[in-house]
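**Student:** Take a look at work_39.pdb, PDB, C-alpha atoms:
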ATOM      1  CA  MET A1201      13.672   6.483 -59.828
ATOM      2  CA  GLN A1202      13.318  10.116 -58.763
ATOM      3  CA  ASN A1203      12.507   9.117 -55.170
ATOM      4  CA  ASN A1204      15.569   6.838 -55.022
ATOM      5  CA  GLN A1205      17.764   9.639 -56.338
ATOM      6  CA  GLU A1206      16.341  11.997 -53.701
ATOM      7  CA  LEU A1207      17.046   9.446 -50.967
ATOM      8  CA  ARG A1208      20.650   8.989 -52.054
ATOM      9  CA  SER A1209      21.152  12.759 -52.361
ATOM     10  CA  GLY A1210      19.826  13.325 -48.835
ATOM     11  CA  GLU A1211      22.097  10.626 -47.441
ATOM     12  CA  ARG A1212      25.163  12.120 -49.100
ATOM     13  CA  GLY A1213      24.470  15.577 -47.692
ATOM     14  CA  GLU A1214      23.766  14.369 -44.168
ATOM     15  CA  ASP A1215      26.633  11.893 -44.137
ATOM     16  CA  ALA A1216      28.981  14.854 -44.482
ATOM     17  CA  VAL A1217      27.663  16.309 -41.181
ATOM     18  CA  ASP A1218      29.411  15.067 -38.039
ATOM     19  CA  ASP A1219      27.652  17.311 -35.514
ATOM     20  CA  PRO A1220      23.889  17.176 -34.863
ATOM     21  CA  PHE A1221      23.692  20.853 -33.988
ATOM     22  CA  THR A1222      25.023  21.662 -37.445
ATOM     23  CA  LEU A1223      22.233  19.611 -38.985
ATOM     24  CA  PHE A1224      19.644  21.166 -36.650
ATOM     25  CA  ALA A1225      20.883  24.603 -37.713
ATOM     26  CA  ALA A1226      20.069  23.631 -41.315
ATOM     27  CA  TRP A1227      16.671  22.076 -40.577
ATOM     28  CA  PHE A1228      15.250  24.616 -38.128
ATOM     29  CA  PRO A1229      15.235  27.644 -40.487
ATOM     30  CA  GLU A1230      13.387  25.508 -43.022
ATOM     31  CA  ALA A1231      10.774  24.765 -40.369
ATOM     32  CA  GLU A1232      10.517  28.465 -39.517
ATOM     33  CA  ARG A1233       9.703  29.183 -43.154
ATOM     34  CA  SER A1234       7.372  26.235 -43.633
ATOM     35  CA  GLU A1235       5.401  25.683 -40.426
ATOM     36  CA  PRO A1236       2.215  27.782 -40.133
ATOM     37  CA  ASN A1237       2.350  27.850 -36.313
ATOM     38  CA  ASP A1238       5.088  27.570 -33.700
ATOM     39  CA  PRO A1239       8.004  25.859 -35.454
ATOM     40  CA  ASN A1240       9.714  26.083 -32.054
ATOM     41  CA  GLY A1241       7.004  23.992 -30.407
ATOM     42  CA  MET A1242       8.516  20.896 -28.856
ATOM     43  CA  ALA A1243       7.139  18.024 -26.832
ATOM     44  CA  VAL A1244       8.982  17.530 -23.537
ATOM     45  CA  ALA A1245       8.753  14.258 -21.631
ATOM     46  CA  THR A1246       9.514  13.840 -17.924
ATOM     47  CA  ALA A1247       8.704  11.038 -15.472
ATOM     48  CA  ASP A1248       6.966  11.026 -12.101
ATOM     49  CA  ALA A1249       8.133   9.293  -8.930
ATOM     50  CA  ASP A1250       6.701   5.982 -10.171
ATOM     51  CA  GLY A1251       8.513   6.252 -13.493
ATOM     52  CA  LEU A1252       5.284   6.997 -15.384
ATOM     53  CA  PRO A1253       6.015   9.428 -18.238
ATOM     54  CA  ASN A1254       4.329  12.785 -18.702
ATOM     55  CA  LEU A1255       4.401  14.594 -22.026
ATOM     56  CA  ARG A1256       3.411  18.139 -22.979
ATOM     57  CA  MET A1257       4.101  20.792 -25.582
ATOM     58  CA  VAL A1258       6.282  23.778 -24.683
ATOM     59  CA  LEU A1259       7.988  26.475 -26.716
ATOM     60  CA  MET A1260      11.735  26.228 -27.223
ATOM     61  CA  LYS A1261      12.922  29.794 -26.711
ATOM     62  CA  GLU A1262      16.688  29.489 -27.150
ATOM     63  CA  TRP A1263      19.127  26.937 -28.451
ATOM     64  CA  ASP A1264      22.860  26.646 -28.956
ATOM     65  CA  ARG A1265      25.432  23.878 -28.755
ATOM     66  CA  ASP A1266      24.790  23.596 -25.027
ATOM     67  CA  GLY A1267      21.196  22.503 -25.639
ATOM     68  CA  PHE A1268      17.569  23.594 -25.884
ATOM     69  CA  VAL A1269      15.978  26.034 -23.429
ATOM     70  CA  PHE A1270      12.363  26.363 -22.340
ATOM     71  CA  TYR A1271      10.790  28.280 -19.459
ATOM     72  CA  THR A1272       8.186  27.209 -16.946
ATOM     73  CA  ASN A1273       6.859  27.444 -13.417
ATOM     74  CA  THR A1274       9.130  25.231 -11.310
ATOM     75  CA  GLU A1275       6.156  24.451  -9.032
ATOM     76  CA  SER A1276       4.264  22.903 -11.959
ATOM     77  CA  GLN A1277       4.086  19.170 -12.564
ATOM     78  CA  LYS A1278       7.012  19.200 -14.995
ATOM     79  CA  GLY A1279       8.967  21.507 -12.694
ATOM     80  CA  ARG A1280       8.530  19.156  -9.750
ATOM     81  CA  GLU A1281       9.357  16.109 -11.847
ATOM     82  CA  LEU A1282      12.502  17.749 -13.180
ATOM     83  CA  ALA A1283      13.574  18.726  -9.671
ATOM     84  CA  ALA A1284      13.405  15.039  -8.708
ATOM     85  CA  ASN A1285      14.928  13.690 -11.928
ATOM     86  CA  MET A1286      16.933  16.183 -13.965
ATOM     87  CA  GLN A1287      16.573  14.309 -17.241
ATOM     88  CA  ALA A1288      14.156  14.818 -20.123
ATOM     89  CA  ALA A1289      13.404  13.988 -23.734
ATOM     90  CA  GLY A1290      12.301  16.433 -26.412
ATOM     91  CA  LEU A1291      10.739  16.189 -29.846
ATOM     92  CA  PHE A1292      10.191  18.613 -32.712
ATOM     93  CA  HIS A1293       7.646  17.450 -35.301
ATOM     94  CA  TRP A1294       7.431  19.598 -38.426
ATOM     95  CA  LYS A1295       4.426  18.214 -40.263
ATOM     96  CA  SER A1296       4.799  20.540 -43.253
ATOM     97  CA  LEU A1297       8.292  19.143 -43.902
ATOM     98  CA  ARG A1298       7.488  15.573 -42.854
ATOM     99  CA  ARG A1299      10.468  15.630 -40.520
ATOM    100  CA  GLN A1300      11.093  15.249 -36.829
ATOM    101  CA  VAL A1301      14.029  15.646 -34.460
ATOM    102  CA  ARG A1302      14.063  13.915 -31.109
ATOM    103  CA  PHE A1303      16.674  14.082 -28.360
ATOM    104  CA  ARG A1304      17.208  13.330 -24.692
ATOM    105  CA  GLY A1305      19.712  14.110 -21.994
ATOM    106  CA  PRO A1306      20.367  15.748 -18.638
ATOM    107  CA  VAL A1307      18.607  18.961 -17.672
ATOM    108  CA  SER A1308      19.989  22.002 -15.864
ATOM    109  CA  LEU A1309      18.617  25.368 -14.814
ATOM    110  CA  VAL A1310      19.744  28.385 -16.802
ATOM    111  CA  SER A1311      21.185  31.322 -14.886
ATOM    112  CA  ASP A1312      18.897  33.786 -13.104
ATOM    113  CA  ALA A1313      20.264  36.506 -15.384
ATOM    114  CA  GLN A1314      19.211  34.543 -18.472
ATOM    115  CA  SER A1315      15.759  33.876 -17.022
ATOM    116  CA  ASP A1316      15.410  37.563 -16.110
ATOM    117  CA  ALA A1317      16.359  38.656 -19.619
ATOM    118  CA  TYR A1318      13.836  36.393 -21.290
ATOM    119  CA  PHE A1319      11.077  37.218 -18.779
ATOM    120  CA  GLU A1320      11.549  40.935 -19.465
ATOM    121  CA  SER A1321      11.131  40.293 -23.194
ATOM    122  CA  ARG A1322       7.660  38.775 -22.745
ATOM    123  CA  PRO A1323       4.474  40.825 -23.214
ATOM    124  CA  ARG A1324       3.398  42.532 -20.000
ATOM    125  CA  ASP A1325       0.170  40.508 -19.779
ATOM    126  CA  SER A1326       2.187  37.271 -20.013
ATOM    127  CA  ARG A1327       4.373  38.445 -17.139
ATOM    128  CA  ILE A1328       1.270  39.187 -15.072
ATOM    129  CA  GLY A1329      -0.069  35.752 -15.974
ATOM    130  CA  ALA A1330       3.071  34.102 -14.631
ATOM    131  CA  TRP A1331       2.271  35.587 -11.204
ATOM    132  CA  ALA A1332      -1.443  34.785 -11.378
ATOM    133  CA  SER A1333      -1.279  31.143 -12.452
ATOM    134  CA  GLN A1334      -0.607  28.421  -9.902
ATOM    135  CA  GLN A1335       0.340  26.122 -12.731
ATOM    136  CA  SER A1336      -0.757  22.445 -12.598
ATOM    137  CA  ARG A1337      -2.738  22.926  -9.378
ATOM    138  CA  PRO A1338      -6.527  22.682  -8.958
ATOM    139  CA  LEU A1339      -8.493  25.766 -10.073
ATOM    140  CA  GLU A1340     -11.865  26.252  -8.405
ATOM    141  CA  SER A1341     -13.248  28.454 -11.190
ATOM    142  CA  ARG A1342     -12.255  30.592 -14.150
ATOM    143  CA  PHE A1343     -13.296  33.599 -12.098
ATOM    144  CA  ALA A1344     -10.626  32.764  -9.510
ATOM    145  CA  LEU A1345      -7.976  32.954 -12.217
ATOM    146  CA  GLU A1346      -9.336  36.228 -13.573
ATOM    147  CA  LYS A1347      -9.403  37.628 -10.038
ATOM    148  CA  ALA A1348      -5.742  36.666  -9.550
ATOM    149  CA  VAL A1349      -4.841  38.323 -12.855
ATOM    150  CA  ALA A1350      -6.652  41.522 -11.797
ATOM    151  CA  PHE A1351      -4.912  41.482  -8.411
ATOM    152  CA  HIS A1352      -1.422  41.239  -9.873
ATOM    153  CA  ALA A1353      -2.204  43.700 -12.667
ATOM    154  CA  ALA A1354      -3.103  46.243  -9.987
ATOM    155  CA  LYS A1355      -0.076  45.302  -7.872
ATOM    156  CA  TYR A1356       2.294  45.916 -10.781
ATOM    157  CA  ALA A1357       0.324  48.719 -12.414
ATOM    158  CA  VAL A1358       3.362  50.983 -12.302
ATOM    159  CA  GLY A1359       6.908  50.027 -13.189
ATOM    160  CA  ALA A1360       8.429  46.723 -14.195
ATOM    161  CA  VAL A1361       6.877  43.333 -13.536
ATOM    162  CA  PRO A1362       9.574  41.285 -11.764
ATOM    163  CA  ARG A1363      10.161  37.634 -12.538
ATOM    164  CA  PRO A1364       8.539  35.309  -9.998
ATOM    165  CA  PRO A1365      11.208  33.348  -8.113
ATOM    166  CA  TYR A1366       9.576  30.088  -9.216
ATOM    167  CA  TRP A1367       9.585  30.969 -12.944
ATOM    168  CA  LYS A1368      12.817  29.700 -14.468
ATOM    169  CA  GLY A1369      14.451  28.291 -17.565
ATOM    170  CA  PHE A1370      15.565  24.711 -18.125
ATOM    171  CA  ARG A1371      18.158  23.510 -20.626
ATOM    172  CA  ILE A1372      18.151  19.999 -22.069
ATOM    173  CA  ALA A1373      21.703  19.012 -23.067
ATOM    174  CA  PRO A1374      21.226  16.155 -25.552
ATOM    175  CA  LEU A1375      23.253  12.964 -25.283
ATOM    176  CA  SER A1376      21.419  11.539 -28.282
ATOM    177  CA  PHE A1377      19.622  12.876 -31.349
ATOM    178  CA  GLU A1378      17.525  11.247 -34.011
ATOM    179  CA  PHE A1379      16.842  13.101 -37.266
ATOM    180  CA  TRP A1380      13.885  11.495 -39.013
ATOM    181  CA  ARG A1381      12.788  12.222 -42.569
ATOM    182  CA  ASP A1382       9.710  10.760 -44.254
ATOM    183  CA  ARG A1383      10.349   8.630 -47.341
ATOM    184  CA  PRO A1384       8.029   6.697 -49.691
ATOM    185  CA  PHE A1385       6.746   3.255 -48.696
ATOM    186  CA  ARG A1386       7.737   3.890 -45.060
ATOM    187  CA  LEU A1387      11.421   3.541 -45.921
ATOM    188  CA  HIS A1388      12.156   6.539 -43.744
ATOM    189  CA  GLU A1389      15.597   7.969 -43.013
ATOM    190  CA  ARG A1390      16.818   7.820 -39.417
ATOM    191  CA  LEU A1391      20.156   9.447 -38.648
ATOM    192  CA  ILE A1392      21.363   8.922 -35.066
ATOM    193  CA  PHE A1393      23.958  10.893 -33.093
ATOM    194  CA  THR A1394      25.097   9.798 -29.613
ATOM    195  CA  ARG A1395      27.737  10.857 -27.098
ATOM    196  CA  ALA A1396      28.728   9.688 -23.632
ATOM    197  CA  ALA A1397      28.450  13.082 -21.906
ATOM    198  CA  PRO A1398      28.005  16.780 -22.764
ATOM    199  CA  GLY A1399      31.170  17.958 -24.477
ATOM    200  CA  ALA A1400      32.184  14.452 -25.582
ATOM    201  CA  PRO A1401      32.605  13.670 -29.298
ATOM    202  CA  TRP A1402      29.584  12.522 -31.269
ATOM    203  CA  GLU A1403      29.169   9.131 -32.922
ATOM    204  CA  LYS A1404      26.874   8.827 -35.917
ATOM    205  CA  THR A1405      25.008   5.928 -37.447
ATOM    206  CA  ARG A1406      21.894   5.150 -39.456
ATOM    207  CA  PHE A1407      19.017   2.982 -38.311
ATOM    208  CA  TYR A1408      16.604   0.926 -40.341
ATOM    209  CA  PRO A1409      13.160   2.549 -40.576
TER     210      PRO A1409
END
Is it possible to express this structure as C-alpha cells?
**Tutor:**
Amino acid sequence: MQNNQELRSGERGEDAVDDPFTLFAAWFPEAERSEPNDPNGMAVATADADGLPNLRMVLMKEWDRDGFVFYTNTESQKGRELAANMQAAGLFHWKSLRRQVRFRGPVSLVSDAQSDAYFESRPRDSRIGAWASQQSRPLESRFALEKAVAFHAAKYAVGAVPRPPYWKGFRIAPLSFEFWRDRPFRLHERLIFTRAAPGAPWEKTRFYP
C-alpha cells in the first residue's frame, strides 16, 4: 500500500509540471546532493557517416532553457560526427536516486566568448592538456603524450593559456525528454515531453513501463 501511495503522490506532483526544464531543475539538485561522483556526468550519443552510433560520457558544464552544454575537441570523433550531423542524444543516470533523464535534439556551437569564459575557469593543467592531446587519434606511446604536455607547459609557462581554436562548447537543445523513475515490480514511471522545434510549446504524456 505504501508503494502505491508513493506512486500516486509522484504522479500528482509531476502532472502539475508542464515544462521539462522545471522538472529537471527539481531533480538535478537532488542528484548533486545524492550522487557520490559527477552528478553532471551525461552520456552523449552521436552517429558516424554510416549511421552507426557512438556513445561516451562527458560532463555537462552548463544548462538553461536553451539546452545542455558540454565542451570538447572539435577534431575528436564526436566533434567530427557532430560537424557532419548536428544532432545528438543525452542521458543522465543517477543510480543513487534510481532515476534517469534522457533527451535528444539539434546541436549548436556556443559562442566563442562562452567557450573562452569556461576554458579560463579550468585548472591550468587541464588547459595545457587541451593543447597537448590530439583527442581520438592514435597515440604511439604514453611518453609522446607526456612530451607534448611538457612542450606546451613550457610554451605557456608565463601568462594565460589561450583556448585552442579547436576546443569548443556544444549545446544540445532537446526536442524530447523522458523522465524515468524506478518503481517496484518494474512498474516504472516514464514521463515524456516533446515539442516540434526549440521554442515551441511542450506536449506531455506518460508511457507504460
**Student:** Given the file shown, determine the residues that the PyMOL selection byres ((chain A and resi 1367) around 10) selects; report them as a list in words.
**Tutor:** Tyr1271, Thr1272, Asn1273, Thr1274, Glu1275, Ser1276, Gly1279, Asp1312, Ser1315, Asp1316, Phe1319, Ala1330, Trp1331, Arg1363, Pro1364, Pro1365, Tyr1366, Lys1368 and Gly1369 of chain A
**Student:** So the first atom is CA of His1293 in chain A and the second is CA of Phe1385 in chain A; what is the distance between them in Å, to one decimal place?
**Tutor:** 19.5 Å
**Student:** Once the PyMOL selection byres ((chain A and resi 1396) around 12) has been evaluated on this model, what residues remain selected, and can you format them as a list in words?
**Tutor:**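 With the PyMOL selection byres ((chain A and resi 1396) around 12) on this model, the match is Gly1305, Pro1306, Ala1373, Pro1374, Leu1375, Ser1376, Phe1393, Thr1394, Arg1395, Ala1397, Pro1398, Gly1399, Ala1400, Pro1401, Trp1402 and Glu1403 of chain A.
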**Student:** Limited to C-alpha atoms, could you put the picked residues into a file as a PDB file, keeping the file's coordinate frame?
**Tutor:**
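Saved result, out-v3.pdb, follows:
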ATOM      1  CA  GLY A1305      19.712  14.110 -21.994  1.00  0.00           C
ATOM      2  CA  PRO A1306      20.367  15.748 -18.638  1.00  0.00           C
ATOM      3  CA  ALA A1373      21.703  19.012 -23.067  1.00  0.00           C
ATOM      4  CA  PRO A1374      21.226  16.155 -25.552  1.00  0.00           C
ATOM      5  CA  LEU A1375      23.253  12.964 -25.283  1.00  0.00           C
ATOM      6  CA  SER A1376      21.419  11.539 -28.282  1.00  0.00           C
ATOM      7  CA  PHE A1393      23.958  10.893 -33.093  1.00  0.00           C
ATOM      8  CA  THR A1394      25.097   9.798 -29.613  1.00  0.00           C
ATOM      9  CA  ARG A1395      27.737  10.857 -27.098  1.00  0.00           C
ATOM     10  CA  ALA A1397      28.450  13.082 -21.906  1.00  0.00           C
ATOM     11  CA  PRO A1398      28.005  16.780 -22.764  1.00  0.00           C
ATOM     12  CA  GLY A1399      31.170  17.958 -24.477  1.00  0.00           C
ATOM     13  CA  ALA A1400      32.184  14.452 -25.582  1.00  0.00           C
ATOM     14  CA  PRO A1401      32.605  13.670 -29.298  1.00  0.00           C
ATOM     15  CA  TRP A1402      29.584  12.522 -31.269  1.00  0.00           C
ATOM     16  CA  GLU A1403      29.169   9.131 -32.922  1.00  0.00           C
TER      17      GLU A1403
END
**Student:** Any idea what's packed within 12 Å of Pro1220 in chain A, counting all atoms listed in the file, ignoring anything in its chain fewer than 4 positions away? Could you give it as an mmCIF file with C-alpha atoms, in the coordinates of the input?
**Tutor:**
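Written output follows (result.cif):
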data_model
loop_
_atom_site.group_PDB
_atom_site.id
_atom_site.type_symbol
_atom_site.label_atom_id
_atom_site.label_comp_id
_atom_site.auth_asym_id
_atom_site.auth_seq_id
_atom_site.Cartn_x
_atom_site.Cartn_y
_atom_site.Cartn_z
ATOM 1 C CA GLU A 1214 23.766 14.369 -44.168
ATOM 2 C CA ASP A 1215 26.633 11.893 -44.137
ATOM 3 C CA ALA A 1216 28.981 14.854 -44.482
ATOM 4 C CA PHE A 1224 19.644 21.166 -36.650
ATOM 5 C CA ALA A 1225 20.883 24.603 -37.713
ATOM 6 C CA ALA A 1226 20.069 23.631 -41.315
ATOM 7 C CA TRP A 1227 16.671 22.076 -40.577
ATOM 8 C CA PHE A 1228 15.250 24.616 -38.128
ATOM 9 C CA ASP A 1264 22.860 26.646 -28.956
ATOM 10 C CA ARG A 1265 25.432 23.878 -28.755
ATOM 11 C CA ASP A 1266 24.790 23.596 -25.027
ATOM 12 C CA GLY A 1267 21.196 22.503 -25.639
ATOM 13 C CA VAL A 1301 14.029 15.646 -34.460
ATOM 14 C CA ARG A 1302 14.063 13.915 -31.109
ATOM 15 C CA PHE A 1303 16.674 14.082 -28.360
ATOM 16 C CA PRO A 1374 21.226 16.155 -25.552
ATOM 17 C CA LEU A 1375 23.253 12.964 -25.283
ATOM 18 C CA SER A 1376 21.419 11.539 -28.282
ATOM 19 C CA PHE A 1377 19.622 12.876 -31.349
ATOM 20 C CA GLU A 1378 17.525 11.247 -34.011
ATOM 21 C CA PHE A 1379 16.842 13.101 -37.266
ATOM 22 C CA LEU A 1391 20.156 9.447 -38.648
ATOM 23 C CA ILE A 1392 21.363 8.922 -35.066
ATOM 24 C CA PHE A 1393 23.958 10.893 -33.093
ATOM 25 C CA THR A 1394 25.097 9.798 -29.613
ATOM 26 C CA ARG A 1395 27.737 10.857 -27.098
ATOM 27 C CA PRO A 1401 32.605 13.670 -29.298
ATOM 28 C CA TRP A 1402 29.584 12.522 -31.269
ATOM 29 C CA GLU A 1403 29.169 9.131 -32.922
ATOM 30 C CA LYS A 1404 26.874 8.827 -35.917
ATOM 31 C CA THR A 1405 25.008 5.928 -37.447
#
**Student:** Just give me the gap between CA of Ala1348 in chain A and CA of Ala1332 in chain A in Å, one decimal is fine.
**Tutor:**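 Result for CA of Ala1348 in chain A versus CA of Ala1332 in chain A: 5.0 Å, one decimal.
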**Student:** Of the candidates A:Asn1285, A:Ile1372, A:Val1269, A:Lys1261, which one gets nearest to Asp1248 in chain A if we count all atoms listed in the file?
**Tutor:**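 The closest residue to Asp1248 in chain A is A:Asn1285.
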**Student:** Could you tell me which residues the PyMOL selection byres ((chain A and resi 1259) around 9) grabs in this file, written as a PDB file with C-alpha atoms, in the frame of the given file?
**Tutor:**
ATOM      1  CA  ASP A1238       5.088  27.570 -33.700  1.00  0.00           C
ATOM      2  CA  PRO A1239       8.004  25.859 -35.454  1.00  0.00           C
ATOM      3  CA  ASN A1240       9.714  26.083 -32.054  1.00  0.00           C
ATOM      4  CA  GLY A1241       7.004  23.992 -30.407  1.00  0.00           C
ATOM      5  CA  MET A1242       8.516  20.896 -28.856  1.00  0.00           C
ATOM      6  CA  ALA A1243       7.139  18.024 -26.832  1.00  0.00           C
ATOM      7  CA  MET A1257       4.101  20.792 -25.582  1.00  0.00           C
ATOM      8  CA  VAL A1258       6.282  23.778 -24.683  1.00  0.00           C
ATOM      9  CA  MET A1260      11.735  26.228 -27.223  1.00  0.00           C
ATOM     10  CA  LYS A1261      12.922  29.794 -26.711  1.00  0.00           C
ATOM     11  CA  VAL A1269      15.978  26.034 -23.429  1.00  0.00           C
ATOM     12  CA  PHE A1270      12.363  26.363 -22.340  1.00  0.00           C
ATOM     13  CA  TYR A1271      10.790  28.280 -19.459  1.00  0.00           C
TER      14      TYR A1271
END
